[in-house]
Amino acid sequence: MCEELGITFVAYSPLGRGLLGGQVRSGADLAEDDWRRGHPRFQGPNLDHNVSLADRVATLAAEYGVTAAQLALAWVIERGALPIPGTRKAANARANAAAGDLTLDPSAFRRLEEIVPPGTAAGAQGNESYLANIDTG
């Protein structure tokens, strides 16, 4: 639909707020003041489930010689969207940018969708207390 209407879709948080970058493996990886502590996808069994999904992505990515983050970003780009991953490290920014140059066989994306079908992440997408405090003015 976006292509048909000439609209670019911008994918916010395409790396699952750190999950696909491998930075978060448990709640202990989050600072006490990290807003993700209140995010449903980073709590209890949801976090455990979502880390296991990220592990599946990492395993598949390794087969293609790329990182989980690069595979995820390439998937978003393949679908015609513009990903805007956040990072605090220059090395991660360079690695993320390299995803735009990847040429992966379409079977890589099919396999990705098979092992982690859309909608499989556990927990609501948003943190209601965080969203309630965003200044939209």
# chains A, B, ... in the order shown; residues from 1 in each chain; ligands from 1
$ closest_atom_pairs --of "range 74-124 of chain A" --to "range 1-4 of chain A" --cutoff "12 Å" --atoms "only C-alpha atoms" --output "Markdown table"
| residue | atom | partner | partner_atom | distance |
| --- | --- | --- | --- | --- |
| A:Arg79 | CA | A:Glu3 | CA | 10.0 |
| A:Gly80 | CA | A:Glu3 | CA | 7.8 |
| A:Ala81 | CA | A:Cys2 | CA | 8.9 |
| A:Leu82 | CA | A:Cys2 | CA | 11.7 |
$ write_last_selection --atoms "C-alpha atoms" --output "compact mmCIF listing (two decimals), in the first residue's frame"
# COMPACT_ATOMS: atom_id res chain seq x y z
CA ARG A 79 10.08 -4.77 2.56
CA GLY A 80 10.60 -1.21 1.34
CA ALA A 81 10.64 0.43 4.76
CA LEU A 82 13.22 2.78 6.19
$ closest_residue --among "A:Ile7, A:Ala99, A:Leu20, A:Leu73" --to "Thr59 in chain A" --atoms "only C-alpha atoms"
A:Leu20
$ atom_distance --atom1 "CA of Tyr12 in chain A" --atom2 "CA of Glu63 in chain A"
26.3 Å
$ select_by_dssp --residues "chain A" --states "strand (DSSP E or B)" --output "PDB file with C-alpha atoms, in the first residue's frame"
ATOM      1  CA  VAL A  10       9.639   4.441   8.782  1.00  0.00           C
ATOM      2  CA  ALA A  11      10.227   1.475  11.081  1.00  0.00           C
ATOM      3  CA  TYR A  12      10.763   2.696  14.625  1.00  0.00           C
ATOM      4  CA  LEU A  82      13.218   2.776   6.195  1.00  0.00           C
ATOM      5  CA  PRO A  83      14.561   1.500   9.528  1.00  0.00           C
ATOM      6  CA  ILE A  84      15.783   3.950  12.147  1.00  0.00           C
TER       7      ILE A  84
END
$ residues_around --residues "range 116-122 of chain A" --least-positions-apart "6" --cutoff "9 Å" --atoms "only C-alpha atoms" --output "PyMOL selection string"
chain A and resi 40-41+45-47+49-50+53-54+56-57
$ atom_distance --atom1 "CA of Ala97 in chain A" --atom2 "CA of Leu5 in chain A"
26.6 Å
$ closest_residue --among "A:Trp35, A:Leu71, A:Leu30, A:Gly16" --to "Pro106 in chain A" --atoms "only C-alpha atoms"
A:Leu71
$ atom_distance --atom1 "CA of Ser52 in chain A" --atom2 "CA of Arg25 in chain A"
9.1 Å
$ closest_residue --among "A:Gly27, A:Gly123, A:Gly65, A:Gly22" --to "Asn92 in chain A" --atoms "only C-alpha atoms"
A:Gly22
$ closest_residue --among "A:Asp33, A:Asp55, A:Asp48, A:Glu78" --to "Gly21 in chain A" --atoms "only C-alpha atoms"
A:Asp55
$ decode --residues "range 77-103 of chain A" --atoms "C-alpha atoms" --output "PDB file, in the first residue's frame"
ATOM      1  CA  ILE A  77      14.704  -2.695   4.011  1.00  0.00           C
ATOM      2  CA  GLU A  78      13.679  -5.610   1.771  1.00  0.00           C
ATOM      3  CA  ARG A  79      10.080  -4.767   2.556  1.00  0.00           C
ATOM      4  CA  GLY A  80      10.597  -1.206   1.337  1.00  0.00           C
ATOM      5  CA  ALA A  81      10.637   0.433   4.759  1.00  0.00           C
ATOM      6  CA  LEU A  82      13.218   2.776   6.195  1.00  0.00           C
ATOM      7  CA  PRO A  83      14.561   1.500   9.528  1.00  0.00           C
ATOM      8  CA  ILE A  84      15.783   3.950  12.147  1.00  0.00           C
ATOM      9  CA  PRO A  85      17.778   1.891  14.638  1.00  0.00           C
ATOM     10  CA  GLY A  86      19.133   3.683  17.650  1.00  0.00           C
ATOM     11  CA  THR A  87      22.662   3.184  18.903  1.00  0.00           C
ATOM     12  CA  ARG A  88      25.143   4.784  21.243  1.00  0.00           C
ATOM     13  CA  LYS A  89      28.255   3.279  19.672  1.00  0.00           C
ATOM     14  CA  ALA A  90      29.884   4.216  16.377  1.00  0.00           C
ATOM     15  CA  ALA A  91      30.809   0.586  15.660  1.00  0.00           C
ATOM     16  CA  ASN A  92      27.152  -0.430  15.951  1.00  0.00           C
ATOM     17  CA  ALA A  93      26.094   2.440  13.689  1.00  0.00           C
ATOM     18  CA  ARG A  94      28.591   1.274  11.043  1.00  0.00           C
ATOM     19  CA  ALA A  95      27.427  -2.348  11.371  1.00  0.00           C
ATOM     20  CA  ASN A  96      23.793  -1.254  11.121  1.00  0.00           C
ATOM     21  CA  ALA A  97      24.528   0.860   8.041  1.00  0.00           C
ATOM     22  CA  ALA A  98      26.165  -2.158   6.389  1.00  0.00           C
ATOM     23  CA  ALA A  99      22.773  -3.889   6.443  1.00  0.00           C
ATOM     24  CA  GLY A 100      21.730  -1.587   3.605  1.00  0.00           C
ATOM     25  CA  ASP A 101      24.405  -3.127   1.391  1.00  0.00           C
ATOM     26  CA  LEU A 102      23.552  -6.755   2.136  1.00  0.00           C
ATOM     27  CA  THR A 103      22.382  -8.944  -0.683  1.00  0.00           C
TER      28      THR A 103
END
